[in-house]
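The file protein_31.txt contains compact mmCIF, C-alpha atoms:
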# COMPACT_ATOMS: atom_id res chain seq x y z
CA MET A 100 0.00 0.00 0.00
CA LYS A 101 2.79 2.42 0.93
CA ARG A 102 4.66 1.67 -2.25
CA ARG A 103 1.54 2.05 -4.30
CA THR A 104 0.78 5.45 -2.84
CA PHE A 105 4.34 6.50 -3.45
CA LEU A 106 4.27 5.54 -7.12
CA GLN A 107 0.94 7.19 -7.70
CA GLY A 108 2.12 10.38 -6.07
CA THR A 109 5.31 10.54 -8.09
CA LEU A 110 3.64 9.86 -11.40
CA ALA A 111 0.86 12.28 -10.72
CA ALA A 112 3.22 15.09 -9.77
CA GLY A 113 5.29 14.44 -12.88
CA ALA A 114 2.26 14.48 -15.10
CA ALA A 115 1.01 17.72 -13.65
CA GLY A 116 4.40 19.31 -14.17
CA MET A 117 4.47 18.19 -17.76
CA ALA A 118 0.98 19.47 -18.35
CA VAL A 119 2.00 22.88 -17.07
CA SER A 120 5.14 23.13 -19.15
CA ALA A 121 3.38 21.88 -22.28
CA GLY A 122 0.72 24.55 -21.87
CA LEU A 123 -1.96 21.91 -21.76
CA LEU A 124 -3.82 23.40 -18.86
CA THR A 125 -7.15 24.56 -20.07
CA PRO A 126 -8.81 27.38 -18.22
CA ARG A 127 -11.96 26.24 -16.55
CA MET A 128 -15.18 28.02 -15.97
CA VAL A 129 -14.76 31.26 -14.13
CA MET A 130 -16.41 31.12 -10.78
CA ALA A 131 -18.74 33.95 -10.07
CA GLU A 132 -17.84 34.05 -6.38
CA GLY A 133 -14.11 33.76 -6.82
CA GLY A 134 -14.04 36.10 -9.81
CA GLY A 135 -11.75 33.66 -11.58
CA ALA A 136 -9.18 33.75 -8.79
CA PHE A 137 -9.24 29.96 -8.71
CA ASP A 138 -7.78 29.97 -12.23
CA SER A 139 -4.92 32.29 -11.40
CA LYS A 140 -1.58 30.66 -12.11
CA SER A 141 0.53 32.66 -9.69
CA MET A 142 0.19 34.16 -6.23
CA GLU A 143 0.43 37.63 -7.70
CA ASP A 144 -2.42 36.98 -10.11
CA ALA A 145 -4.52 35.30 -7.46
CA LEU A 146 -4.16 38.27 -5.10
CA LYS A 147 -4.91 40.68 -7.93
CA THR A 148 -8.03 38.80 -8.92
CA MET A 149 -9.12 38.54 -5.31
CA ALA A 150 -8.50 42.30 -5.11
CA VAL A 151 -6.54 42.10 -1.87
CA THR A 152 -3.23 43.54 -0.76
CA PRO A 153 -2.89 41.79 2.58
CA GLU A 154 -0.52 42.95 5.30
CA GLU A 155 1.33 40.40 7.37
CA SER A 156 -0.20 39.81 10.74
CA ALA A 157 0.67 37.69 13.75
CA ASP A 158 -3.05 37.38 14.42
CA ILE A 159 -3.44 34.91 11.59
CA LYS A 160 -2.47 31.44 12.70
CA ILE A 161 -1.86 28.51 10.41
CA LYS A 162 -1.75 24.99 11.72
CA ALA A 163 -0.14 22.72 9.15
CA PRO A 164 2.50 20.02 9.35
CA GLU A 165 6.12 21.14 8.86
CA ILE A 166 6.73 18.04 6.83
CA ALA A 167 3.98 16.40 4.82
CA GLU A 168 4.82 12.89 3.75
CA ASN A 169 1.97 12.83 1.31
CA GLY A 170 1.27 16.06 -0.55
CA ALA A 171 -2.13 14.75 -1.61
CA VAL A 172 -3.52 15.18 1.89
CA VAL A 173 -2.16 18.10 3.90
CA PRO A 174 -4.33 19.08 6.88
CA VAL A 175 -4.56 22.84 7.35
CA THR A 176 -6.34 24.87 10.02
CA VAL A 177 -6.49 28.64 9.79
CA THR A 178 -7.51 30.82 12.72
CA SER A 179 -7.97 34.55 12.48
CA GLY A 180 -7.60 36.67 15.58
CA VAL A 181 -8.64 39.81 13.71
CA ALA A 182 -11.98 41.16 14.92
CA GLY A 183 -14.67 41.20 12.26
CA THR A 184 -13.10 38.57 10.01
CA THR A 185 -15.56 37.70 7.27
CA GLU A 186 -13.48 35.64 4.88
CA ILE A 187 -10.61 33.18 5.19
CA SER A 188 -8.70 31.97 2.14
CA ILE A 189 -6.06 29.30 1.85
CA LEU A 190 -3.43 29.47 -0.91
CA VAL A 191 -0.35 27.45 -1.77
CA ASP A 192 2.34 29.46 -3.55
CA GLY A 193 3.89 26.43 -5.27
CA ASN A 194 0.73 24.96 -6.76
CA PRO A 195 -0.20 25.42 -10.45
CA THR A 196 -3.28 27.32 -9.26
CA PRO A 197 -2.40 28.79 -5.84
CA LEU A 198 -5.90 29.48 -4.52
CA ALA A 199 -7.20 26.32 -2.87
CA ALA A 200 -10.16 27.40 -0.83
CA MET A 201 -12.08 30.47 0.23
CA PHE A 202 -14.45 30.42 3.18
CA ILE A 203 -17.08 33.08 3.70
CA LEU A 204 -18.07 33.17 7.34
CA GLY A 205 -21.80 33.40 7.92
CA GLU A 206 -23.83 34.33 10.96
CA GLY A 207 -22.17 33.19 14.17
CA ALA A 208 -19.35 31.34 12.44
CA GLN A 209 -16.08 31.44 14.32
CA PRO A 210 -12.99 32.60 12.41
CA GLU A 211 -11.41 29.18 12.26
CA VAL A 212 -11.66 26.64 9.47
CA SER A 213 -10.02 23.27 8.90
CA THR A 214 -9.67 21.33 5.69
CA ARG A 215 -7.21 19.20 3.77
CA ILE A 216 -5.40 20.37 0.66
CA LYS A 217 -3.09 19.06 -2.03
CA MET A 218 0.44 20.34 -2.48
CA GLY A 219 2.49 19.61 -5.56
CA LYS A 220 5.82 20.32 -3.90
CA THR A 221 7.43 22.01 -0.92
CA ALA A 222 5.88 25.46 -0.69
CA ASN A 223 4.28 28.01 1.58
CA VAL A 224 0.73 27.65 2.77
CA VAL A 225 -0.63 31.18 2.79
CA ALA A 226 -3.69 32.24 4.73
CA ILE A 227 -5.54 35.45 4.06
CA ALA A 228 -8.24 36.82 6.32
CA LYS A 229 -10.49 39.64 5.26
CA ALA A 230 -11.99 42.00 7.81
CA GLY A 231 -13.86 45.05 6.56
CA ASP A 232 -11.88 46.47 3.64
CA LYS A 233 -8.56 45.24 5.00
CA SER A 234 -6.90 41.89 4.71
CA TYR A 235 -4.23 40.15 6.69
CA THR A 236 -1.93 37.31 5.86
CA ALA A 237 0.45 34.75 7.30
CA LYS A 238 2.36 31.89 5.79
CA GLN A 239 3.98 28.63 6.79
CA GLU A 240 6.31 26.45 4.83
CA VAL A 241 5.36 22.81 4.40
CA LYS A 242 8.00 20.41 3.14
CA VAL A 243 6.44 17.87 0.85
CA THR A 244 8.11 14.50 0.46
CA ILE A 245 5.73 13.17 -2.17
CA GLY A 246 3.88 15.60 -4.42
CA GLY A 247 0.12 15.45 -4.47
CA CYS A 248 -0.90 17.47 -7.48
CA GLY A 249 -2.84 14.66 -9.04
CA GLY A 250 -4.48 13.62 -5.81
CA MET B 174 -25.94 6.02 1.21
CA SER B 175 -25.13 9.64 1.20
CA SER B 176 -21.71 10.77 0.05
CA ILE B 177 -21.49 13.09 3.06
CA LYS B 178 -20.75 12.30 6.67
CA LEU B 179 -21.88 15.21 8.78
CA LYS B 180 -21.51 15.61 12.52
CA ALA B 181 -22.40 18.54 14.70
CA ALA B 182 -21.82 18.65 18.43
CA ALA B 183 -22.55 21.45 20.89
CA LYS B 184 -19.94 22.45 23.44
CA ASP B 185 -19.77 25.56 25.62
CA GLY B 186 -22.19 27.61 23.55
CA SER B 187 -20.72 26.78 20.21
CA VAL B 188 -21.33 23.99 17.77
CA GLU B 189 -18.52 22.17 16.07
CA VAL B 190 -19.41 21.00 12.59
CA LYS B 191 -17.32 18.30 10.94
CA ALA B 192 -17.93 16.95 7.47
CA LEU B 193 -16.32 14.34 5.32
CA MET B 194 -17.42 14.08 1.70
CA THR B 195 -16.75 11.43 -0.87
CA HIS B 196 -15.55 13.09 -4.06
CA PRO B 197 -12.65 12.50 -6.49
CA MET B 198 -11.60 16.20 -6.52
CA GLU B 199 -9.82 15.92 -9.85
CA THR B 200 -7.80 19.03 -10.65
CA GLY B 201 -7.95 18.54 -14.40
CA GLN B 202 -4.15 18.43 -14.46
CA ARG B 203 -3.58 14.75 -13.82
CA LYS B 204 -2.97 12.37 -16.70
CA ASP B 205 -4.54 8.95 -16.97
CA LYS B 206 -1.63 6.54 -16.79
CA LYS B 207 -3.18 4.14 -19.34
CA THR B 208 -4.35 6.54 -22.01
CA GLY B 209 -2.00 9.46 -21.31
CA GLU B 210 -4.97 11.80 -21.52
CA LEU B 211 -5.79 14.43 -18.98
CA VAL B 212 -8.42 13.40 -16.49
CA PRO B 213 -11.13 16.06 -16.72
CA ALA B 214 -11.50 18.40 -13.77
CA HIS B 215 -14.12 17.23 -11.33
CA PHE B 216 -14.22 18.94 -7.97
CA ILE B 217 -16.62 20.44 -5.48
CA LYS B 218 -16.72 24.16 -6.08
CA GLU B 219 -19.25 25.37 -3.60
CA ILE B 220 -20.43 24.28 -0.20
CA ILE B 221 -23.15 25.99 1.73
CA VAL B 222 -23.71 25.13 5.37
CA THR B 223 -26.89 26.32 7.02
CA ALA B 224 -28.24 26.07 10.55
CA GLY B 225 -32.01 26.44 10.47
CA ASP B 226 -32.53 29.30 8.00
CA LYS B 227 -29.14 30.95 8.57
CA THR B 228 -26.16 30.46 6.32
CA ILE B 229 -23.25 29.84 8.64
CA LEU B 230 -20.51 29.09 6.13
CA THR B 231 -19.99 29.28 2.39
CA ALA B 232 -16.91 27.61 0.97
CA ASN B 233 -15.60 28.19 -2.56
CA TRP B 234 -13.13 25.54 -3.53
CA GLY B 235 -10.71 24.84 -6.32
CA GLY B 236 -9.16 21.57 -7.39
CA SER B 237 -6.40 21.86 -4.79
CA VAL B 238 -8.60 20.57 -2.03
CA SER B 239 -7.81 16.94 -1.24
CA LYS B 240 -9.75 13.96 -2.48
CA ASN B 241 -12.65 13.03 -0.22
CA PRO B 242 -12.59 16.50 1.32
CA TYR B 243 -12.79 17.32 4.99
CA LEU B 244 -14.22 20.48 6.45
CA ALA B 245 -14.48 21.57 10.07
CA PHE B 246 -15.53 24.81 11.73
CA SER B 247 -17.59 26.09 14.64
CA TYR B 248 -20.46 28.51 15.01
CA ALA B 249 -22.47 30.00 17.85
CA GLY B 250 -25.35 27.57 18.26
CA LYS B 251 -26.91 25.01 20.52
CA ALA B 252 -28.02 21.40 20.74
CA GLY B 253 -31.23 20.80 18.84
CA ASP B 254 -30.23 22.96 15.85
CA LYS B 255 -30.45 21.39 12.45
CA VAL B 256 -27.31 21.75 10.37
CA LYS B 257 -27.44 21.17 6.64
CA LEU B 258 -24.51 20.94 4.24
CA ALA B 259 -25.01 21.09 0.49
CA TRP B 260 -22.32 20.93 -2.17
CA THR B 261 -22.27 21.57 -5.90
CA ASP B 262 -19.41 20.45 -8.12
CA ASN B 263 -18.08 21.83 -11.39
CA LYS B 264 -20.17 19.34 -13.36
CA GLY B 265 -23.33 20.57 -11.71
CA GLU B 266 -23.74 17.50 -9.53
CA LYS B 267 -25.16 18.13 -6.08
CA ASP B 268 -25.54 16.40 -2.78
CA SER B 269 -26.57 17.39 0.70
CA ALA B 270 -26.87 16.02 4.20
CA GLU B 271 -28.52 17.08 7.40
CA ALA B 272 -27.58 16.47 11.02
CA ASP B 273 -29.12 17.26 14.37
CA VAL B 274 -26.77 19.03 16.75
CA SER B 275 -26.15 16.72 19.71

Structure encoded using structure tokens:
Amino acid sequence: MKRRTFLQGTLAAGAAGMAVSAGLLTPRMVMAEGGGAFDSKSMEDALKTMAVTPEESADIKIKAPEIAENGAVVPVTVTSGVAGTTEISILVDGNPTPLAAMFILGEGAQPEVSTRIKMGKTANVVAIAKAGDKSYTAKQEVKVTIGGCGG
Amino acid sequence: MSSIKLKAAAKDGSVEVKALMTHPMETGQRKDKKTGELVPAHFIKEIIVTAGDKTILTANWGGSVSKNPYLAFSYAGKAGDKVKLAWTDNKGEKDSAEADVS
């Protein structure tokens, strides 16, 4: 089972890399909510499309493993200590499309969300919290032993 | 059987919601090893969680969320609430589940 997972991970990461370099990635449908930010191919583009210029803040906490053996399943918890946080986004700066998830907090929701994401290679997990018209960010590096681009 | 496992438990005035969904979450960037063709993107792109008639969380996802996705968060609520989670994927497929807060 271990060996199997390893092979799958390696092949998948290789394939994704090839697809990127060959320009085979087709843009998918633009999401109304994300304004196409999910298609952005770089952090810069993603932030531009999300229309945020976040400032670094120690109030944003990321809980993620320092070393992820399997990049296909990386558990991430983001907590925002900024009062009035309405949105929490999770990005990975080394992924082909950095924006992984965006959470819009509804009535009574606490500013903490947990999920699991894929990481193609060692990179920074970046969290962005939006409060009012300001946004705050923090990042944490996760070393990936086996890429998980292909899931 | 539903593709969603949903749990909601009240503790100290807040309710912790945990969900596990069964979904391939294909990014659209992975190649089929046999045919060498790209596996088409297939991922959950929107999740709406409601408690009664209130929307407590909306999640917009891309293909970078792991296969069989997990989601956990808390909201100010109490035992007896009804929590409902509904997802829609990029192919327009939908599923939902409901749980009583214990």

Interface residues on chain A facing chain B, 6 Å, all atoms listed in the file, written as a ChimeraX atom specification:
/A:111,114-115,137,172,199-209,212-217,249

Grab the atom CA of Asp158 of chain A to atom CA of Ala222 of chain A distance for me, in Å with one decimal place.
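Here the two named atoms are 21.2 Å from each other.
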
With 4 Å on each side, where is the centre of the axis-aligned box around all listed atoms of segment 246-256 of chain B, and how long are its edges in Å to one decimal, as AutoDock Vina command-line options?
--center_x -23.4 --center_y 25.4 --center_z 15.6 --size_x 23.7 --size_y 17.2 --size_z 18.4

Which polymer residues, whether protein, DNA or RNA, lie within 10 Å of the coordinate (5.2, 16.1, 4.9) when you count only C-alpha atoms? List them as a PyMOL selection string, using the chain letters and numbers from the file.
chain A and resi 163-173+218+220-221+241-246

Distance atom CA of Ala182 of chain A-atom CA of Val224 of chain A, one decimal place?
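Spanning atom CA of Ala182 of chain A to atom CA of Val224 of chain A is a straight-line distance of 22.2 Å.
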
Protein, DNA and RNA residues within 10 Å of (-26.1, 13.9, -2.8), only C-alpha atoms, as a PyMOL selection string:
chain B and resi 174-177+194-195+259-261+266-270

Point-to-point distance in Å for atom CA of Pro174 of chain A and atom CA of Ala157 of chain A
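Calculated distance between atom CA of Ala157 of chain A and atom CA of Pro174 of chain A is 20.5 Å.
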